[in-house]
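J.: Before I ask anything, let me first share the structure, which is written out below as structure tokens.
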Amino acid sequence: MTKPLAPLLPIAYSDEVAAAKQRGAPIVALESTIITHGMPYPGNIQMAESVEQIIRDQGAVPATIAVIHGTLHIGLEKHQLEALAQTTDAMKVSRADIAFAIAERRTGATTVAATMIAAEHAGIKVFATGGIGGVHRGAEQSFDISADLTELARTGVIVVCAGAKAILDVPKTLEVLETNGVPVVTFGSTEFPAFWSRASGLPSPLSLNSPAAIANFQTTREQLGIDGGMLIANPVPEEDEISREEMEVYITRALSHAEEDEISGKAVTPYLLSKIFEITEGRSLDTNIALVRNNARLAAEIAVALA
């Protein structure tokens, strides 16, 4: 009996991304949960458009990734970006449920893991985000470890971030990345950054000082047949950072609130970020936006170097 053919994956490229692919131009992937779950409208659309423009200014093409009514979009047109920014019921999709969102014709914003999957499928080698997920504090009881870490071990995309989110157990996060053979490279520093803060107090496993050196490292990995991704930790600009000591006070308070409210699973990270926003009276969000823009700039420079 002949096995029926599987339907083609519903995938759409924005006009800008399609043209870039055709001419072999450098492209930088962008996640969409920062738009739907990271900040309210209209600040989210302003941030998204400014990040896309930063990538264009560096000579690359932005590709914001999302699932819209069951179609995987690689790059969004202006009206689609605007509509997504105002969506209130988008799924937060990772490896476990991106296929579900497509199959069930849902709308979903992509996390780091899902964006990496989509980027690799589209042949995009570089992805800019804010901070990766990782091992949550208290994971020895909750077993709460982000799928971002295993995705980095298996999916061949360079992820540029400002380190692991400081609400996490950063030492354990680095340990899991090492166990999974993921290269962790801090750009321009020998100390691993902590999202809102330039330093975590932990040495970086590796350090490089130029986009060209990062591109050369990745090319050498490919020549050796080493698969999986690479994590580039890009410290937030000094003028925008909140010190590690100050942030730890805010994080401790936010974690206490989360425990009181019995927050768990996927709800933990957005809850903590929201609570820290309240505690810092918006300063944490300002720093978050600054580091995302900084990461977009570096990611574009790496993509150009690779191209």
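The way I read the labels, and the way they are meant: chains A, B, ... in the order of the structure tokens, residue 1 as the first residue of every chain, and ligand 1 as the first ligand shown, with later ones counted on from there.
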So that each row is one residue of stretch 118-148 of chain A with an atom at most 12 Å from stretch 106-113 of chain A, can you give its shortest atom pair and the distance in Å to one decimal, using only C-alpha atoms, rows by chain and rising number, as a Markdown table?

T.:
```
| residue | atom | partner | partner_atom | distance |
| --- | --- | --- | --- | --- |
| A:Ala118 | CA | A:Ala113 | CA | 8.8 |
| A:Ala119 | CA | A:Ala113 | CA | 9.9 |
| A:Glu120 | CA | A:Ala113 | CA | 10.9 |
| A:Val126 | CA | A:Val112 | CA | 12.0 |
| A:Phe127 | CA | A:Val112 | CA | 8.8 |
| A:Ala128 | CA | A:Val112 | CA | 9.2 |
| A:Thr129 | CA | A:Val112 | CA | 7.4 |
| A:Gly130 | CA | A:Val112 | CA | 9.4 |
| A:Gly131 | CA | A:Val112 | CA | 8.8 |
| A:Ile132 | CA | A:Val112 | CA | 6.7 |
| A:Gly133 | CA | A:Val112 | CA | 7.9 |
| A:Gly134 | CA | A:Val112 | CA | 10.9 |
| A:Ser146 | CA | A:Ala113 | CA | 8.8 |
| A:Ala147 | CA | A:Ala113 | CA | 6.3 |
| A:Asp148 | CA | A:Ala113 | CA | 4.8 |
```

J.: Give the strand (DSSP E) residues of stretch 56-303 of chain A, as assigned by DSSP on the backbone, as a ChimeraX atom specification.

T.: /A:61-68,71-74,91-93,108-110,126-128,158-161,184-187,191-194,197-203,206-208,230-233

J.: Just the residues within 9 Å of A:Ser274, please, counting only C-alpha atoms, with nothing from its chain fewer than 6 positions along; format it as a list in words.

T.: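 Once the nearby chain positions are removed, what remains is Gly38, Met39 and Ala254 of chain A.
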
J.: May I have the residues from that selection written out with C-alpha atoms, as a PDB file, in the first residue's frame?

T.:
```pdb
ATOM      1  CA  GLY A  38       7.608  40.769  26.711  1.00  0.00           C
ATOM      2  CA  MET A  39       6.042  44.212  26.817  1.00  0.00           C
ATOM      3  CA  ALA A 254      10.197  38.760  42.615  1.00  0.00           C
TER       4      ALA A 254
END
```

J.: What's around A:Ala122 at 10 Å? Count only C-alpha atoms, leave out sequence neighbours fewer than 6 positions away in its own chain, and write the answer as a ChimeraX atom specification.

T.: /A:11,13,21,29,74,116

J.: Give me a file of those residues, with all heavy atoms, as a tab-separated table (two decimals), in the first residue's frame.

T.:
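Output (selection_39.tsv):
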```
chain	number	residue	atom	x	y	z
A	11	ILE	N	4.48	27.54	4.97
A	11	ILE	CA	5.54	28.48	5.34
A	11	ILE	C	5.50	29.66	4.38
A	11	ILE	O	5.24	29.49	3.18
A	11	ILE	CB	6.92	27.78	5.32
A	11	ILE	CG1	8.01	28.71	5.81
A	11	ILE	CG2	7.25	27.21	3.95
A	11	ILE	CD1	9.34	28.01	6.10
A	13	TYR	N	7.43	33.51	3.41
A	13	TYR	CA	8.54	34.44	3.60
A	13	TYR	C	8.05	35.85	3.29
A	13	TYR	O	7.31	36.06	2.33
A	13	TYR	CB	9.71	34.09	2.68
A	13	TYR	CG	10.37	32.76	3.00
A	13	TYR	CD1	9.93	31.59	2.42
A	13	TYR	CD2	11.43	32.69	3.89
A	13	TYR	CE1	10.52	30.36	2.71
A	13	TYR	CE2	12.04	31.48	4.19
A	13	TYR	CZ	11.58	30.32	3.60
A	13	TYR	OH	12.17	29.13	3.91
A	21	LYS	N	17.04	36.00	0.43
A	21	LYS	CA	17.42	34.60	0.18
A	21	LYS	C	17.82	34.40	-1.27
A	21	LYS	O	18.78	33.69	-1.57
A	21	LYS	CB	16.26	33.66	0.55
A	21	LYS	CG	16.09	33.44	2.05
A	21	LYS	CD	14.90	32.55	2.36
A	21	LYS	CE	15.09	31.14	1.84
A	21	LYS	NZ	16.19	30.41	2.49
A	29	ALA	N	17.59	36.20	12.17
A	29	ALA	CA	16.29	35.80	12.71
A	29	ALA	C	16.02	36.54	14.01
A	29	ALA	O	16.94	36.85	14.78
A	29	ALA	CB	16.26	34.29	12.94
A	74	ILE	N	8.45	33.49	8.11
A	74	ILE	CA	9.86	33.85	8.23
A	74	ILE	C	9.98	35.28	7.72
A	74	ILE	O	10.09	35.53	6.52
A	74	ILE	CB	10.76	32.89	7.41
A	74	ILE	CG1	10.43	31.43	7.69
A	74	ILE	CG2	12.23	33.21	7.67
A	74	ILE	CD1	10.72	30.97	9.10
A	116	MET	N	14.95	29.05	16.71
A	116	MET	CA	16.11	28.34	16.18
A	116	MET	C	15.68	27.26	15.17
A	116	MET	O	16.29	27.12	14.11
A	116	MET	CB	16.90	27.69	17.31
A	116	MET	CG	17.65	28.67	18.19
A	116	MET	SD	18.61	27.82	19.46
A	116	MET	CE	19.92	27.09	18.47
```

J.: List every residue of stretch 138-211 of chain A that has an atom at most 10 Å from any atom of stretch 300-303 of chain A, and for each one report the closest atom pair and its distance in Å to one decimal, counting only C-alpha atoms, with rows sorted by chain and then by increasing residue number, as CSV.

T.:
```
residue,atom,partner,partner_atom,distance
A:Ile158,CA,A:Ile302,CA,9.0
A:Val160,CA,A:Ile302,CA,9.4
A:Ser210,CA,A:Ile302,CA,8.5
A:Pro211,CA,A:Ile302,CA,4.7
```

J.: I'd like the neighbourhood of A:Ile68 as a PyMOL selection string, where a residue qualifies if any of its atoms comes within 12 Å (using only C-alpha atoms), though same-chain residues fewer than 6 positions away should be ignored.

T.: chain A and resi 10-12+32+74-76+80-81+83-84+87+89-91+93+98+101-110

J.: Using only N, CA and C atoms, please write the residues we just selected to a file, as a PDB file, in the first residue's frame.

T.:
```
ATOM      1  N   PRO A  10       3.126  24.616   5.746  1.00  0.00           N
ATOM      2  CA  PRO A  10       2.685  25.968   5.382  1.00  0.00           C
ATOM      3  C   PRO A  10       3.686  27.005   5.877  1.00  0.00           C
ATOM      4  N   ILE A  11       4.477  27.535   4.973  1.00  0.00           N
ATOM      5  CA  ILE A  11       5.537  28.477   5.336  1.00  0.00           C
ATOM      6  C   ILE A  11       5.497  29.660   4.382  1.00  0.00           C
ATOM      7  N   ALA A  12       5.683  30.842   4.911  1.00  0.00           N
ATOM      8  CA  ALA A  12       5.640  32.052   4.092  1.00  0.00           C
ATOM      9  C   ALA A  12       6.817  32.947   4.448  1.00  0.00           C
ATOM     10  N   SER A  32       9.592  36.167  18.438  1.00  0.00           N
ATOM     11  CA  SER A  32       8.395  37.009  18.551  1.00  0.00           C
ATOM     12  C   SER A  32       7.766  37.007  19.941  1.00  0.00           C
ATOM     13  N   ILE A  74       8.451  33.488   8.111  1.00  0.00           N
ATOM     14  CA  ILE A  74       9.858  33.849   8.231  1.00  0.00           C
ATOM     15  C   ILE A  74       9.980  35.277   7.721  1.00  0.00           C
ATOM     16  N   GLY A  75       9.925  36.207   8.647  1.00  0.00           N
ATOM     17  CA  GLY A  75       9.835  37.614   8.284  1.00  0.00           C
ATOM     18  C   GLY A  75       8.378  38.030   8.232  1.00  0.00           C
ATOM     19  N   LEU A  76       8.092  39.195   8.792  1.00  0.00           N
ATOM     20  CA  LEU A  76       6.717  39.692   8.827  1.00  0.00           C
ATOM     21  C   LEU A  76       6.611  41.007   8.068  1.00  0.00           C
ATOM     22  N   GLN A  80       1.512  42.727   9.430  1.00  0.00           N
ATOM     23  CA  GLN A  80       1.525  41.503  10.238  1.00  0.00           C
ATOM     24  C   GLN A  80       2.213  41.751  11.578  1.00  0.00           C
ATOM     25  N   LEU A  81       3.296  42.513  11.548  1.00  0.00           N
ATOM     26  CA  LEU A  81       4.009  42.857  12.783  1.00  0.00           C
ATOM     27  C   LEU A  81       3.106  43.681  13.698  1.00  0.00           C
ATOM     28  N   ALA A  83      -0.210  43.684  13.718  1.00  0.00           N
ATOM     29  CA  ALA A  83      -1.289  42.834  14.231  1.00  0.00           C
ATOM     30  C   ALA A  83      -0.791  41.924  15.348  1.00  0.00           C
ATOM     31  N   LEU A  84       0.405  41.364  15.175  1.00  0.00           N
ATOM     32  CA  LEU A  84       0.963  40.488  16.205  1.00  0.00           C
ATOM     33  C   LEU A  84       1.195  41.252  17.501  1.00  0.00           C
ATOM     34  N   THR A  87      -1.943  41.296  19.439  1.00  0.00           N
ATOM     35  CA  THR A  87      -2.573  40.021  19.757  1.00  0.00           C
ATOM     36  C   THR A  87      -2.457  39.731  21.253  1.00  0.00           C
ATOM     37  N   ASP A  89      -3.867  36.730  22.656  1.00  0.00           N
ATOM     38  CA  ASP A  89      -4.032  35.303  22.956  1.00  0.00           C
ATOM     39  C   ASP A  89      -3.074  34.405  22.189  1.00  0.00           C
ATOM     40  N   ALA A  90      -1.931  34.946  21.744  1.00  0.00           N
ATOM     41  CA  ALA A  90      -0.959  34.123  21.008  1.00  0.00           C
ATOM     42  C   ALA A  90      -0.351  33.077  21.931  1.00  0.00           C
ATOM     43  N   MET A  91      -0.200  31.858  21.407  1.00  0.00           N
ATOM     44  CA  MET A  91       0.515  30.822  22.147  1.00  0.00           C
ATOM     45  C   MET A  91       1.981  31.213  22.266  1.00  0.00           C
ATOM     46  N   VAL A  93       5.200  29.416  21.832  1.00  0.00           N
ATOM     47  CA  VAL A  93       5.547  28.109  21.299  1.00  0.00           C
ATOM     48  C   VAL A  93       7.044  27.829  21.386  1.00  0.00           C
ATOM     49  N   ILE A  98       5.452  23.929  18.619  1.00  0.00           N
ATOM     50  CA  ILE A  98       5.419  24.705  17.380  1.00  0.00           C
ATOM     51  C   ILE A  98       4.665  23.943  16.285  1.00  0.00           C
ATOM     52  N   ALA A 101       0.914  24.224  16.946  1.00  0.00           N
ATOM     53  CA  ALA A 101       0.353  25.510  16.529  1.00  0.00           C
ATOM     54  C   ALA A 101       0.117  25.544  15.019  1.00  0.00           C
ATOM     55  N   ILE A 102       1.055  24.968  14.260  1.00  0.00           N
ATOM     56  CA  ILE A 102       0.901  24.929  12.805  1.00  0.00           C
ATOM     57  C   ILE A 102      -0.229  23.977  12.415  1.00  0.00           C
ATOM     58  N   ALA A 103      -0.218  22.774  12.986  1.00  0.00           N
ATOM     59  CA  ALA A 103      -1.218  21.761  12.636  1.00  0.00           C
ATOM     60  C   ALA A 103      -2.633  22.201  12.993  1.00  0.00           C
ATOM     61  N   GLU A 104      -2.771  22.910  14.108  1.00  0.00           N
ATOM     62  CA  GLU A 104      -4.097  23.340  14.570  1.00  0.00           C
ATOM     63  C   GLU A 104      -4.456  24.749  14.102  1.00  0.00           C
ATOM     64  N   ARG A 105      -3.635  25.286  13.228  1.00  0.00           N
ATOM     65  CA  ARG A 105      -3.882  26.604  12.639  1.00  0.00           C
ATOM     66  C   ARG A 105      -4.045  27.693  13.691  1.00  0.00           C
ATOM     67  N   ARG A 106      -3.167  27.657  14.660  1.00  0.00           N
ATOM     68  CA  ARG A 106      -3.182  28.634  15.737  1.00  0.00           C
ATOM     69  C   ARG A 106      -2.188  29.756  15.432  1.00  0.00           C
ATOM     70  N   THR A 107      -2.234  30.783  16.246  1.00  0.00           N
ATOM     71  CA  THR A 107      -1.242  31.857  16.187  1.00  0.00           C
ATOM     72  C   THR A 107      -0.335  31.710  17.394  1.00  0.00           C
ATOM     73  N   GLY A 108       0.960  31.691  17.149  1.00  0.00           N
ATOM     74  CA  GLY A 108       1.918  31.486  18.225  1.00  0.00           C
ATOM     75  C   GLY A 108       3.169  32.323  18.041  1.00  0.00           C
ATOM     76  N   ALA A 109       3.673  32.834  19.153  1.00  0.00           N
ATOM     77  CA  ALA A 109       4.932  33.572  19.149  1.00  0.00           C
ATOM     78  C   ALA A 109       6.054  32.604  19.500  1.00  0.00           C
ATOM     79  N   THR A 110       7.162  32.718  18.811  1.00  0.00           N
ATOM     80  CA  THR A 110       8.248  31.749  18.967  1.00  0.00           C
ATOM     81  C   THR A 110       9.217  32.141  20.067  1.00  0.00           C
TER      82      THR A 110
END
```

J.: Which residue, A:Ser189, A:Thr150, A:Ser197, A:Asn180, has the smallest gap to A:Pro237 when you use only C-alpha atoms?

T.: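 Looking only at the distances to A:Pro237, the closest residue turns out to be A:Ser197.
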
J.: If you measure from atom CA of A:Asn216 to atom CA of A:Ser200, what distance in Å do you get, rounded to one decimal?

T.: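 Straight-line distance from atom CA of A:Asn216 to atom CA of A:Ser200 works out to 26.7 Å.
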
J.: According to DSSP computed on the backbone, where in stretch 108-219 of chain A is there helix (DSSP H, G or I)? Give the residues as an MDAnalysis selection string.

T.: chainID A and resid 112:121 139:142 147:154 170:179 211:219

J.: Hey, what's within 10 Å of stretch 289-292 of chain A if we count only C-alpha atoms and toss same-chain stuff fewer than 4 positions away? As a JSON list (two decimals) with N, CA, C and O atoms, in the first residue's frame, please?

T.:
```json
[["chain", "number", "residue", "atom", "x", "y", "z"],
["A", 34, "ILE", "N", 9.06, 38.12, 22.56],
["A", 34, "ILE", "CA", 9.38, 39.41, 23.17],
["A", 34, "ILE", "C", 8.34, 40.45, 22.78],
["A", 34, "ILE", "O", 8.10, 41.42, 23.52],
["A", 39, "MET", "N", 6.39, 42.84, 26.45],
["A", 39, "MET", "CA", 6.04, 44.21, 26.82],
["A", 39, "MET", "C", 4.71, 44.60, 26.18],
["A", 39, "MET", "O", 4.29, 44.00, 25.18],
["A", 43, "GLY", "N", 4.57, 49.93, 22.99],
["A", 43, "GLY", "CA", 6.01, 49.84, 23.18],
["A", 43, "GLY", "C", 6.62, 48.66, 22.47],
["A", 43, "GLY", "O", 7.74, 48.74, 21.96],
["A", 44, "ASN", "N", 5.87, 47.55, 22.40],
["A", 44, "ASN", "CA", 6.41, 46.35, 21.76],
["A", 44, "ASN", "C", 6.63, 46.54, 20.26],
["A", 44, "ASN", "O", 7.64, 46.10, 19.71],
["A", 47, "MET", "N", 9.62, 48.85, 19.70],
["A", 47, "MET", "CA", 10.87, 48.11, 19.93],
["A", 47, "MET", "C", 11.17, 47.21, 18.74],
["A", 47, "MET", "O", 12.30, 47.18, 18.23],
["A", 48, "ALA", "N", 10.16, 46.45, 18.28],
["A", 48, "ALA", "CA", 10.37, 45.50, 17.19],
["A", 48, "ALA", "C", 10.82, 46.20, 15.92],
["A", 48, "ALA", "O", 11.74, 45.75, 15.22],
["A", 50, "SER", "N", 12.31, 49.12, 15.68],
["A", 50, "SER", "CA", 13.65, 49.71, 15.84],
["A", 50, "SER", "C", 14.74, 48.64, 15.73],
["A", 50, "SER", "O", 15.81, 48.89, 15.16],
["A", 51, "VAL", "N", 14.47, 47.45, 16.27],
["A", 51, "VAL", "CA", 15.43, 46.35, 16.19],
["A", 51, "VAL", "C", 15.61, 45.90, 14.74],
["A", 51, "VAL", "O", 16.74, 45.67, 14.27],
["A", 128, "ALA", "N", 19.17, 36.81, 16.78],
["A", 128, "ALA", "CA", 19.36, 37.75, 17.89],
["A", 128, "ALA", "C", 18.16, 37.70, 18.83],
["A", 128, "ALA", "O", 17.01, 37.74, 18.40],
["A", 129, "THR", "N", 18.45, 37.63, 20.12],
["A", 129, "THR", "CA", 17.39, 37.63, 21.12],
["A", 129, "THR", "C", 17.85, 38.47, 22.31],
["A", 129, "THR", "O", 18.92, 39.08, 22.27],
["A", 130, "GLY", "N", 17.03, 38.49, 23.38],
["A", 130, "GLY", "CA", 17.42, 39.22, 24.58],
["A", 130, "GLY", "C", 18.32, 38.37, 25.45],
["A", 130, "GLY", "O", 19.53, 38.58, 25.54],
["A", 131, "GLY", "N", 17.72, 37.38, 26.10],
["A", 131, "GLY", "CA", 18.48, 36.43, 26.90],
["A", 131, "GLY", "C", 17.90, 35.04, 26.73],
["A", 131, "GLY", "O", 16.71, 34.90, 26.45],
["A", 160, "VAL", "N", 22.73, 35.10, 19.48],
["A", 160, "VAL", "CA", 23.35, 36.25, 20.13],
["A", 160, "VAL", "C", 22.40, 36.76, 21.21],
["A", 160, "VAL", "O", 21.25, 37.10, 20.93],
["A", 161, "CYS", "N", 22.88, 36.81, 22.45],
["A", 161, "CYS", "CA", 22.04, 37.22, 23.57],
["A", 161, "CYS", "C", 22.89, 38.02, 24.56],
["A", 161, "CYS", "O", 24.08, 38.22, 24.35],
["A", 162, "ALA", "N", 22.25, 38.48, 25.65],
["A", 162, "ALA", "CA", 22.99, 39.20, 26.69],
["A", 162, "ALA", "C", 23.27, 38.27, 27.86],
["A", 162, "ALA", "O", 23.35, 38.70, 29.01],
["A", 195, "PHE", "N", 22.49, 39.31, 31.67],
["A", 195, "PHE", "CA", 21.31, 39.96, 31.12],
["A", 195, "PHE", "C", 21.29, 41.46, 31.43],
["A", 195, "PHE", "O", 21.88, 42.23, 30.68],
["A", 196, "TRP", "N", 20.65, 41.89, 32.52],
["A", 196, "TRP", "CA", 20.60, 43.32, 32.84],
["A", 196, "TRP", "C", 21.96, 43.86, 33.26],
["A", 196, "TRP", "O", 22.16, 45.08, 33.28],
["A", 197, "SER", "N", 22.88, 42.98, 33.62],
["A", 197, "SER", "CA", 24.18, 43.37, 34.16],
["A", 197, "SER", "C", 25.30, 42.88, 33.26],
["A", 197, "SER", "O", 25.20, 41.80, 32.66],
["A", 234, "ASN", "N", 26.63, 38.78, 24.71],
["A", 234, "ASN", "CA", 27.02, 40.15, 24.38],
["A", 234, "ASN", "C", 26.61, 41.07, 25.53],
["A", 234, "ASN", "O", 25.43, 41.36, 25.72],
["A", 235, "PRO", "N", 27.55, 41.52, 26.35],
["A", 235, "PRO", "CA", 27.19, 42.32, 27.52],
["A", 235, "PRO", "C", 26.41, 43.58, 27.16],
["A", 235, "PRO", "O", 26.71, 44.24, 26.14],
["A", 236, "VAL", "N", 25.40, 43.89, 27.95],
["A", 236, "VAL", "CA", 24.61, 45.10, 27.75],
["A", 236, "VAL", "C", 25.54, 46.32, 27.80],
["A", 236, "VAL", "O", 26.53, 46.31, 28.55],
["A", 237, "PRO", "N", 25.27, 47.36, 27.01],
["A", 237, "PRO", "CA", 26.13, 48.56, 27.08],
["A", 237, "PRO", "C", 26.21, 49.11, 28.51],
["A", 237, "PRO", "O", 25.23, 49.08, 29.26],
["A", 239, "GLU", "N", 26.32, 51.98, 29.80],
["A", 239, "GLU", "CA", 25.44, 53.08, 30.21],
["A", 239, "GLU", "C", 23.99, 52.63, 30.47],
["A", 239, "GLU", "O", 23.20, 53.37, 31.06],
["A", 240, "ASP", "N", 23.66, 51.42, 30.07],
["A", 240, "ASP", "CA", 22.29, 50.92, 30.22],
["A", 240, "ASP", "C", 22.14, 49.85, 31.30],
["A", 240, "ASP", "O", 21.03, 49.43, 31.60],
["A", 241, "GLU", "N", 23.23, 49.38, 31.86],
["A", 241, "GLU", "CA", 23.15, 48.25, 32.77],
["A", 241, "GLU", "C", 22.60, 48.62, 34.15],
["A", 241, "GLU", "O", 22.65, 49.78, 34.58],
["A", 284, "SER", "N", 14.06, 48.05, 34.41],
["A", 284, "SER", "CA", 14.46, 46.75, 33.85],
["A", 284, "SER", "C", 14.05, 46.64, 32.39],
["A", 284, "SER", "O", 14.79, 46.06, 31.58],
["A", 285, "LEU", "N", 12.90, 47.19, 32.04],
["A", 285, "LEU", "CA", 12.44, 47.14, 30.65],
["A", 285, "LEU", "C", 13.31, 48.02, 29.76],
["A", 285, "LEU", "O", 13.65, 47.64, 28.63],
["A", 296, "ALA", "N", 21.04, 42.82, 18.41],
["A", 296, "ALA", "CA", 20.67, 42.84, 17.00],
["A", 296, "ALA", "C", 21.81, 43.39, 16.15],
["A", 296, "ALA", "O", 22.11, 42.88, 15.06],
["A", 297, "ARG", "N", 22.47, 44.42, 16.69],
["A", 297, "ARG", "CA", 23.59, 45.03, 15.96],
["A", 297, "ARG", "C", 24.73, 44.03, 15.78],
["A", 297, "ARG", "O", 25.26, 43.85, 14.67]]
```

J.: For atom CA of A:Arg23 and atom CA of A:Ala305, quote the distance in Å rounded to one decimal.

T.: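 Calculated distance between atom CA of A:Arg23 and atom CA of A:Ala305 is 15.9 Å.
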
J.: Could you check which of A:Ile276, A:Ile145, A:Val67, A:Leu30 is closest to A:Val249, using only C-alpha atoms?

T.: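 Closest to A:Val249 of all the choices is A:Ile276.
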
J.: Work out how far apart atom CA of A:Ala60 and atom CA of A:Ile27 are and give it in Å to one decimal.

T.: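 Separation of atom CA of A:Ala60 and atom CA of A:Ile27: 5.4 Å.
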